[in-house]
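Below is one structure, written out as structure tokens; the observations come after it.
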Amino acid sequence: MKVLELKNVSKVFYSKTQETQAVSNLNFDVNEGEFVAIIGPSGCGKTTVLSLISKLIQPTSGEVKLYGGSNVGYMLQRDQLFEWRNIERNVQLGLEIQRKLTEENKRYVENLLKKYGLWEFRKHYPAELSGGMRQRAALIRTLATNPDLLLLDEPFSALDFQTRLDVCDDVYAIIRSEKKTALLVTHDISEAISLADRIVVLTERPATVKAIHEPRLNHIAQPLKRRESPDFSKQFELLHKYLHGETQ
Amino acid sequence: MKNNFTKEHLLYLRGQRVHKILVHTARIGVLVLLLGLWELAAQLNWIDSFITSCPSRIWKKFIELVAAGTLWHHMGVSTYETLAGFAIGTVLGYCIAVVLWWNVFFKETFEPYLVVLNSLPKIALGPIIIIWAGTGKASIITMAVLISVVITAITILNGFVATDKEKALLLRSMGANRFQIFTKLVAPANVPTLMATLKINVGMAWIGSIMGEYLVSKEGLGYLLVYGSQVFQLDLVMTCTVVLCALAGLMYGAVALLEKIVVKRF
Ligand SMILES: Nc1ncnc2c1ncn2[C@@H]1O[C@H](COP(=O)(O)OP(=O)(O)O)[C@@H](O)[C@H]1O
Ligand SMILES: [Mg+2]
């Protein structure tokens, strides 16, 4: 079942001196339970695509269709935890905004905190947590409103390499065990291969679909292990070619 | 906790403490030295204490004023005017900042007016204020408000506008309206800005109330200062100045304490 469908979506930004076409004629869809990665060079329009899907901006032409509930959870590049709120109050932010802070939902969030090792830290402030834990808190904040589709915008790019691999495993495990549909944006080929069921390769700006690739590594449970698979380097080469335009 | 420190750590802490004590001693030392020199110069007639006054004469005057009960009265009047100007100026300035943040059209319309008002010496408005608000406390409080309100509005508005755009984006992606963005993000994120503004406004409000008293009043420390200079009683002028310093310092200290309590997290 489709959760999301983009039909001929284009977006042009206007400013005093110029117009910037960020997205051009974009078509792809995401099915329920799928983990899709969008990969493309920096500045090609990836963030713009996520903003379009979360309805923060409207497409210039074309259509963004969300099926089922249209509840989308957006995880930004940096964790964006509020320094003056403790972890518990941070992860409840979305529920507060949507006026859904019921006892039931509070218990749901409590459960998430317990399941994912942040329960003891619920009264701590973001500054007291490590980068990985902060990212986990940001993910739980996104999950708290029980979204049908998770949007992740380069969620690991602010972390150093070693932490990035661990947090990547961590986030993947949580998303899978919560049975969420996820759409992740990245410019890192390895990240895309190790995480996604399907990879949408975008062109340089204006972004349009260049290729759609399936890594077929689902038989390996953890992203970190997938990186060690013999298939991995072949896939890397292939995607590298896609990305840098030698194959059409 | 205490015994967990290593020897080196304890040594470091002692070094810090010694440094702090030294600074405090030096501060008091400078004051004592200056006062001592002043007193000595007056006693030995190096300077004419009729026009320079001196610490012992100031002290005598202070006791005299306290005994007569007049000092408390004048202090009370000035403090009341200052606190009123401080409170009204801060609240009003904050409200203006909220309105201008809320509506970009308003912001763009009124910003140049704020800039002009900010560079205008508010004392120039004295005559107008007197005509409109009379020669009583209302005029003086108006002056204190005028001096603090513009700078408050500008500083707070700048803080509001500089609030993390990404965090606002996060809230919008959760479906937040502008009111929620204000209460959940912009207001709490700018508590430190507000505290900094309060500190500035202590000074602004005192300038306003004392200047107001120079212009119109029949009571208050500003009045006493003007009176003292007119009858050439330097002891009175100096005593008032010292008392004014103490009051302003006290008020600043209170705000600094409030900041320390509130700003821990922000
Ligand atoms: N709000 C905006 N106004 C004008 N131009 C924008 C805006 N947002 C993005 N752009 C432009 O669109 C292009 C794509 O940006 P973005 O989607 O952030 O790229 P990416 O996330 O792939 O690095 C860039 O050239 C950027 O300058
Ligand atoms: Mg981006």
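Naming scheme: A, B, ... for chains in displayed order of the structure tokens; residues 1 onward per chain; ligands 1 onward as shown.
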- prompt: Where does DSSP see helix (DSSP H, G or I) in region 33-226 of chain A, if you list the residues as a PyMOL selection string?
  reply: chain A and resi 46-53+87-91+93-97+103-115+119-121+126-128+131-144+161-177+189-195+223-226
query: If we count only C-alpha atoms, which residues of chain B reach to within 9 Å of chain A? Please list them as a count of residues only.
result: 19
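With only C-alpha atoms and all ligand atoms counted, the chains near ligand 2 contribute these residues within 10 Å: Gly40, Pro41, Ser42, Gly43, Cys44, Gly45, Lys46, Thr47, Thr48, Val49, Leu50, Leu76, Gln77, Asp153, Glu154, Val185, Thr186 and His187 of chain A.
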Could you write out the selected residues, including N, CA and C atoms, as a short mmCIF file (atom, residue, chain, number, x, y, z; two decimals), in the first residue's frame?
data_model
loop_
_atom_site.label_atom_id
_atom_site.label_comp_id
_atom_site.auth_asym_id
_atom_site.auth_seq_id
_atom_site.Cartn_x
_atom_site.Cartn_y
_atom_site.Cartn_z
N GLY A 40 21.52 12.29 -3.25
CA GLY A 40 21.79 13.27 -4.30
C GLY A 40 22.89 14.19 -3.82
N PRO A 41 23.56 14.87 -4.76
CA PRO A 41 24.65 15.77 -4.35
C PRO A 41 24.14 16.92 -3.47
N SER A 42 25.05 17.51 -2.69
CA SER A 42 24.68 18.63 -1.82
C SER A 42 24.07 19.75 -2.65
N GLY A 43 23.00 20.32 -2.13
CA GLY A 43 22.38 21.47 -2.79
C GLY A 43 21.50 21.11 -3.97
N CYS A 44 21.20 19.81 -4.15
CA CYS A 44 20.41 19.43 -5.32
C CYS A 44 18.92 19.59 -5.09
N GLY A 45 18.50 19.75 -3.84
CA GLY A 45 17.08 19.95 -3.58
C GLY A 45 16.46 18.89 -2.68
N LYS A 46 17.28 18.16 -1.93
CA LYS A 46 16.77 17.08 -1.09
C LYS A 46 15.91 17.61 0.06
N THR A 47 16.43 18.62 0.75
CA THR A 47 15.68 19.19 1.86
C THR A 47 14.36 19.77 1.34
N THR A 48 14.43 20.36 0.17
CA THR A 48 13.22 20.93 -0.43
C THR A 48 12.15 19.85 -0.62
N VAL A 49 12.60 18.66 -1.06
CA VAL A 49 11.64 17.56 -1.25
C VAL A 49 10.94 17.22 0.06
N LEU A 50 11.72 17.15 1.15
CA LEU A 50 11.12 16.84 2.45
C LEU A 50 10.17 17.94 2.92
N LEU A 76 14.91 16.74 11.75
CA LEU A 76 15.81 17.64 11.03
C LEU A 76 17.27 17.23 11.18
N GLN A 77 18.10 17.94 10.44
CA GLN A 77 19.51 17.63 10.36
C GLN A 77 20.19 17.59 11.73
N ASP A 153 16.15 14.06 7.63
CA ASP A 153 17.02 14.87 6.78
C ASP A 153 18.47 14.77 7.26
N GLU A 154 19.26 13.97 6.61
CA GLU A 154 20.66 13.75 6.97
C GLU A 154 20.85 13.71 8.48
N VAL A 185 16.93 11.19 3.79
CA VAL A 185 17.68 11.94 2.80
C VAL A 185 19.15 11.93 3.18
N THR A 186 20.04 11.73 2.23
CA THR A 186 21.47 11.73 2.55
C THR A 186 22.28 12.03 1.30
N HIS A 187 23.53 12.44 1.52
CA HIS A 187 24.42 12.53 0.35
C HIS A 187 25.51 11.46 0.47
#
Leaving out Ile212 (chain A) and any residue of its chain fewer than 5 positions from it, which residues lie within 9 Å of it when counting only C-alpha atoms, given as a tab-separated table (two decimals) with N, CA, C and O atoms, in the first residue's frame?
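That gives us out.tsv:
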chain	number	residue	atom	x	y	z
A	28	PHE	N	8.07	9.76	-7.52
A	28	PHE	CA	8.41	8.50	-6.86
A	28	PHE	C	7.36	8.24	-5.79
A	28	PHE	O	6.53	9.11	-5.48
A	198	ARG	N	15.08	0.70	-0.69
A	198	ARG	CA	15.06	1.25	-2.03
A	198	ARG	C	15.75	2.62	-2.01
A	198	ARG	O	15.61	3.37	-1.03
A	199	ILE	N	16.52	2.89	-3.04
A	199	ILE	CA	17.26	4.15	-3.08
A	199	ILE	C	16.84	4.96	-4.30
A	199	ILE	O	16.88	4.46	-5.43
A	200	VAL	N	16.40	6.19	-4.05
A	200	VAL	CA	16.05	7.09	-5.15
A	200	VAL	C	17.25	8.00	-5.39
A	200	VAL	O	17.63	8.76	-4.50
A	201	VAL	N	17.86	7.88	-6.56
A	201	VAL	CA	19.03	8.70	-6.86
A	201	VAL	C	18.57	9.95	-7.60
A	201	VAL	O	17.88	9.86	-8.61
A	202	LEU	N	18.95	11.11	-7.07
A	202	LEU	CA	18.55	12.36	-7.70
A	202	LEU	C	19.70	12.95	-8.51
A	202	LEU	O	20.88	12.70	-8.24
query: Excluding same-chain residues fewer than 3 positions from Asp197 (chain A), what lies within 8 Å of it counting only C-alpha atoms, as a PyMOL selection string?
result: chain A and resi 34-37+214-218
- prompt: Could you name the residues that touch region 149-159 of chain B at 6 Å or less, counting only C-alpha atoms, but leaving out those on the same chain fewer than 3 positions away, as a PyMOL selection string?
  reply: chain B and resi 89+93-94+96-97+118+145-146+162
Using N, CA and C atoms, can you export the residues from the last selection as a PDB file, in the first residue's frame?
ATOM      1  N   GLY B  89       8.095  50.556  31.543  1.00  0.00           N
ATOM      2  CA  GLY B  89       8.947  50.598  30.354  1.00  0.00           C
ATOM      3  C   GLY B  89       9.267  49.197  29.845  1.00  0.00           C
ATOM      4  N   GLY B  93       7.705  47.818  26.451  1.00  0.00           N
ATOM      5  CA  GLY B  93       8.699  47.514  25.418  1.00  0.00           C
ATOM      6  C   GLY B  93       8.577  46.080  24.943  1.00  0.00           C
ATOM      7  N   TYR B  94       8.353  45.173  25.906  1.00  0.00           N
ATOM      8  CA  TYR B  94       8.205  43.753  25.566  1.00  0.00           C
ATOM      9  C   TYR B  94       6.980  43.559  24.678  1.00  0.00           C
ATOM     10  N   ILE B  96       5.510  45.746  22.742  1.00  0.00           N
ATOM     11  CA  ILE B  96       5.760  46.296  21.408  1.00  0.00           C
ATOM     12  C   ILE B  96       6.565  45.301  20.576  1.00  0.00           C
ATOM     13  N   ALA B  97       7.595  44.703  21.210  1.00  0.00           N
ATOM     14  CA  ALA B  97       8.422  43.725  20.504  1.00  0.00           C
ATOM     15  C   ALA B  97       7.574  42.538  20.042  1.00  0.00           C
ATOM     16  N   ASN B 118      15.042  56.023  19.183  1.00  0.00           N
ATOM     17  CA  ASN B 118      16.149  55.556  20.002  1.00  0.00           C
ATOM     18  C   ASN B 118      17.302  56.543  20.018  1.00  0.00           C
ATOM     19  N   VAL B 145       9.854  55.939  31.651  1.00  0.00           N
ATOM     20  CA  VAL B 145       9.306  54.968  30.700  1.00  0.00           C
ATOM     21  C   VAL B 145       9.874  55.231  29.311  1.00  0.00           C
ATOM     22  N   LEU B 146       9.839  56.496  28.895  1.00  0.00           N
ATOM     23  CA  LEU B 146      10.305  56.845  27.548  1.00  0.00           C
ATOM     24  C   LEU B 146      11.741  56.416  27.321  1.00  0.00           C
ATOM     25  N   ALA B 162      16.175  36.828  15.998  1.00  0.00           N
ATOM     26  CA  ALA B 162      17.362  35.978  15.864  1.00  0.00           C
ATOM     27  C   ALA B 162      17.130  34.557  16.385  1.00  0.00           C
TER      28      ALA B 162
END
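For the set A:Ile57, A:Val109, A:Val30, A:Val209, the residue with the smallest atom-to-atom gap to ligand 1 is A:Ile57, counting only C-alpha atoms and all ligand atoms.
What separates CA of Leu247 (chain B) from CA of Thr79 (chain B) is a distance of 8.0 Å.
In this structure, CA of Val216 (chain B) sits 12.1 Å away from CA of Ile128 (chain B).
Between CA of Leu143 (chain A) and CA of Trp119 (chain A) the interatomic distance comes to 15.5 Å.
Distances here use only C-alpha atoms and all ligand atoms; by that measure, the residue among A:Ser190, A:Thr203, A:Thr163, A:Thr181 closest to ligand 1 is A:Thr203.
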query: DSSP says strand (DSSP E) for which residues of region 27-221 of chain A? Put them as a PyMOL selection string?
result: chain A and resi 27-31+35-39+61-66+72-75+149-153+181-186+198-202+209-213
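Minimum atom-to-atom distances from B:Pro55, B:Gly212, B:Gly203, B:Pro121 to Trp38 (chain B) were compared using only C-alpha atoms, and the lowest value belongs to B:Pro55.
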field: Residue neighbourhood Val99 (chain B), 12 Å, only C-alpha atoms, exclusion window fewer than 5 positions, as number ranges by chain
entry: B: 92-94, 104-111, 153, 156-157, 160, 178-179, 182
Output file for the selection above: all heavy atoms, as a short mmCIF file (atom, residue, chain, number, x, y, z; two decimals), in the first residue's frame:
data_model
loop_
_atom_site.label_atom_id
_atom_site.label_comp_id
_atom_site.auth_asym_id
_atom_site.auth_seq_id
_atom_site.Cartn_x
_atom_site.Cartn_y
_atom_site.Cartn_z
N LEU B 92 5.91 47.42 28.60
CA LEU B 92 5.46 48.05 27.35
C LEU B 92 6.41 47.72 26.20
O LEU B 92 5.97 47.36 25.09
CB LEU B 92 5.39 49.57 27.56
CG LEU B 92 4.52 50.35 26.59
CD1 LEU B 92 3.06 49.91 26.73
CD2 LEU B 92 4.64 51.85 26.87
N GLY B 93 7.71 47.82 26.45
CA GLY B 93 8.70 47.51 25.42
C GLY B 93 8.58 46.08 24.94
O GLY B 93 8.64 45.79 23.75
N TYR B 94 8.35 45.17 25.91
CA TYR B 94 8.20 43.75 25.57
C TYR B 94 6.98 43.56 24.68
O TYR B 94 7.04 42.87 23.66
CB TYR B 94 8.08 42.92 26.85
CG TYR B 94 8.28 41.44 26.64
CD1 TYR B 94 9.54 40.87 26.72
CD2 TYR B 94 7.20 40.60 26.36
CE1 TYR B 94 9.74 39.51 26.53
CE2 TYR B 94 7.39 39.23 26.16
CZ TYR B 94 8.67 38.70 26.25
OH TYR B 94 8.84 37.36 26.07
N VAL B 104 4.96 40.96 10.39
CA VAL B 104 6.12 41.45 9.66
C VAL B 104 5.83 42.82 9.04
O VAL B 104 6.70 43.69 9.00
CB VAL B 104 6.53 40.45 8.56
CG1 VAL B 104 7.69 40.98 7.75
CG2 VAL B 104 6.89 39.12 9.19
N PHE B 105 4.59 43.02 8.62
CA PHE B 105 4.22 44.31 8.03
C PHE B 105 4.39 45.43 9.06
O PHE B 105 4.98 46.47 8.77
CB PHE B 105 2.77 44.24 7.54
CG PHE B 105 2.33 45.48 6.81
CD1 PHE B 105 2.73 45.70 5.50
CD2 PHE B 105 1.53 46.42 7.45
CE1 PHE B 105 2.34 46.84 4.83
CE2 PHE B 105 1.13 47.56 6.78
CZ PHE B 105 1.53 47.78 5.47
N PHE B 106 3.90 45.21 10.26
CA PHE B 106 4.07 46.18 11.35
C PHE B 106 5.55 46.44 11.60
O PHE B 106 5.99 47.56 11.76
CB PHE B 106 3.44 45.67 12.65
CG PHE B 106 1.96 45.83 12.71
CD1 PHE B 106 1.25 45.39 13.83
CD2 PHE B 106 1.25 46.41 11.66
CE1 PHE B 106 -0.13 45.53 13.89
CE2 PHE B 106 -0.12 46.55 11.72
CZ PHE B 106 -0.80 46.10 12.84
N LYS B 107 6.31 45.34 11.63
CA LYS B 107 7.73 45.45 11.94
C LYS B 107 8.41 46.36 10.93
O LYS B 107 9.11 47.30 11.29
CB LYS B 107 8.37 44.07 11.93
CG LYS B 107 9.87 44.10 12.13
CD LYS B 107 10.43 42.69 12.24
CE LYS B 107 11.92 42.70 12.30
NZ LYS B 107 12.59 42.70 11.00
N GLU B 108 8.15 46.08 9.65
CA GLU B 108 8.80 46.87 8.62
C GLU B 108 8.33 48.31 8.62
O GLU B 108 9.08 49.24 8.33
CB GLU B 108 8.58 46.22 7.25
CG GLU B 108 9.43 44.98 7.12
CD GLU B 108 9.21 44.21 5.84
OE1 GLU B 108 8.46 44.69 4.96
OE2 GLU B 108 9.77 43.11 5.73
N THR B 109 7.05 48.51 8.98
CA THR B 109 6.51 49.86 9.04
C THR B 109 7.13 50.66 10.18
O THR B 109 7.54 51.81 10.01
CB THR B 109 4.98 49.82 9.23
OG1 THR B 109 4.42 48.96 8.25
CG2 THR B 109 4.38 51.22 9.10
N PHE B 110 7.20 50.05 11.37
CA PHE B 110 7.55 50.83 12.55
C PHE B 110 9.03 50.84 12.92
O PHE B 110 9.45 51.65 13.73
CB PHE B 110 6.71 50.36 13.75
CG PHE B 110 5.27 50.74 13.62
CD1 PHE B 110 4.30 49.80 13.33
CD2 PHE B 110 4.87 52.08 13.75
CE1 PHE B 110 2.97 50.16 13.17
CE2 PHE B 110 3.55 52.44 13.61
CZ PHE B 110 2.59 51.49 13.31
N GLU B 111 9.80 49.95 12.31
CA GLU B 111 11.21 49.86 12.71
C GLU B 111 11.97 51.19 12.56
O GLU B 111 12.68 51.59 13.48
CB GLU B 111 11.91 48.74 11.92
CG GLU B 111 12.73 47.87 12.85
CD GLU B 111 13.23 46.61 12.17
OE1 GLU B 111 13.18 46.52 10.94
OE2 GLU B 111 13.68 45.71 12.91
N ALA B 153 12.27 47.60 23.51
CA ALA B 153 11.59 47.07 22.32
C ALA B 153 12.61 46.62 21.28
O ALA B 153 12.51 45.52 20.73
CB ALA B 153 10.66 48.12 21.74
N ILE B 156 14.73 43.45 22.56
CA ILE B 156 13.92 42.21 22.63
C ILE B 156 13.52 41.78 21.22
O ILE B 156 13.58 40.59 20.89
CB ILE B 156 12.68 42.44 23.50
CG1 ILE B 156 13.09 42.92 24.88
CG2 ILE B 156 11.81 41.19 23.52
CD1 ILE B 156 12.89 41.97 25.99
N LEU B 157 13.14 42.73 20.39
CA LEU B 157 12.75 42.38 19.02
C LEU B 157 13.91 41.71 18.28
O LEU B 157 13.73 40.70 17.61
CB LEU B 157 12.28 43.62 18.26
CG LEU B 157 11.82 43.38 16.83
CD1 LEU B 157 10.63 42.44 16.78
CD2 LEU B 157 11.46 44.69 16.12
N PHE B 160 14.08 38.22 19.45
CA PHE B 160 13.00 37.42 18.86
C PHE B 160 13.34 37.01 17.43
O PHE B 160 13.20 35.86 17.05
CB PHE B 160 11.70 38.23 18.83
CG PHE B 160 11.01 38.34 20.16
CD1 PHE B 160 9.88 39.14 20.32
CD2 PHE B 160 11.48 37.65 21.27
CE1 PHE B 160 9.24 39.25 21.54
CE2 PHE B 160 10.84 37.75 22.50
CZ PHE B 160 9.72 38.56 22.63
N ARG B 178 1.39 30.40 15.04
CA ARG B 178 2.33 31.43 15.44
C ARG B 178 2.34 31.64 16.96
O ARG B 178 3.37 31.87 17.57
CB ARG B 178 2.00 32.74 14.72
CG ARG B 178 3.19 33.68 14.65
CD ARG B 178 3.29 34.40 13.34
NE ARG B 178 4.34 35.41 13.38
CZ ARG B 178 5.60 35.17 13.04
NH1 ARG B 178 5.96 33.99 12.65
NH2 ARG B 178 6.49 36.14 13.11
N PHE B 179 1.15 31.53 17.55
CA PHE B 179 1.05 31.68 19.00
C PHE B 179 1.89 30.62 19.71
O PHE B 179 2.63 30.91 20.65
CB PHE B 179 -0.42 31.59 19.43
CG PHE B 179 -0.61 31.70 20.92
CD1 PHE B 179 -0.49 32.93 21.55
CD2 PHE B 179 -0.90 30.58 21.69
CE1 PHE B 179 -0.65 33.04 22.92
CE2 PHE B 179 -1.07 30.67 23.06
CZ PHE B 179 -0.94 31.91 23.67
N PHE B 182 5.50 31.21 19.49
CA PHE B 182 5.92 32.22 20.46
C PHE B 182 6.06 31.63 21.86
O PHE B 182 7.10 31.77 22.50
CB PHE B 182 4.95 33.41 20.49
CG PHE B 182 5.42 34.47 21.44
CD1 PHE B 182 6.45 35.32 21.08
CD2 PHE B 182 4.85 34.60 22.70
CE1 PHE B 182 6.92 36.27 21.96
CE2 PHE B 182 5.31 35.55 23.59
CZ PHE B 182 6.36 36.39 23.21
#
message: With only C-alpha atoms as the counted atoms, please give the residues lying no more than 8 Å from region 225-241 of chain B, apart from itself and same-chain residues fewer than 6 positions off, as a VMD selection string.
response: chain B and resid 50 to 54 57 to 59 61 to 62 214
Could you write out that same residue set with C-alpha atoms as a PDB file, in the first residue's frame?
ATOM      1  CA  PHE B  50      33.360  73.931  51.003  1.00  0.00           C
ATOM      2  CA  ILE B  51      33.275  73.162  47.284  1.00  0.00           C
ATOM      3  CA  THR B  52      34.587  69.591  47.332  1.00  0.00           C
ATOM      4  CA  SER B  53      32.999  68.378  50.560  1.00  0.00           C
ATOM      5  CA  CYS B  54      34.688  65.378  52.214  1.00  0.00           C
ATOM      6  CA  ARG B  57      31.079  65.935  56.197  1.00  0.00           C
ATOM      7  CA  ILE B  58      29.072  63.619  53.929  1.00  0.00           C
ATOM      8  CA  TRP B  59      28.647  61.197  56.812  1.00  0.00           C
ATOM      9  CA  LYS B  61      25.074  65.261  56.557  1.00  0.00           C
ATOM     10  CA  PHE B  62      23.776  61.733  56.067  1.00  0.00           C
ATOM     11  CA  TYR B 214      15.600  67.880  37.763  1.00  0.00           C
TER      12      TYR B 214
END
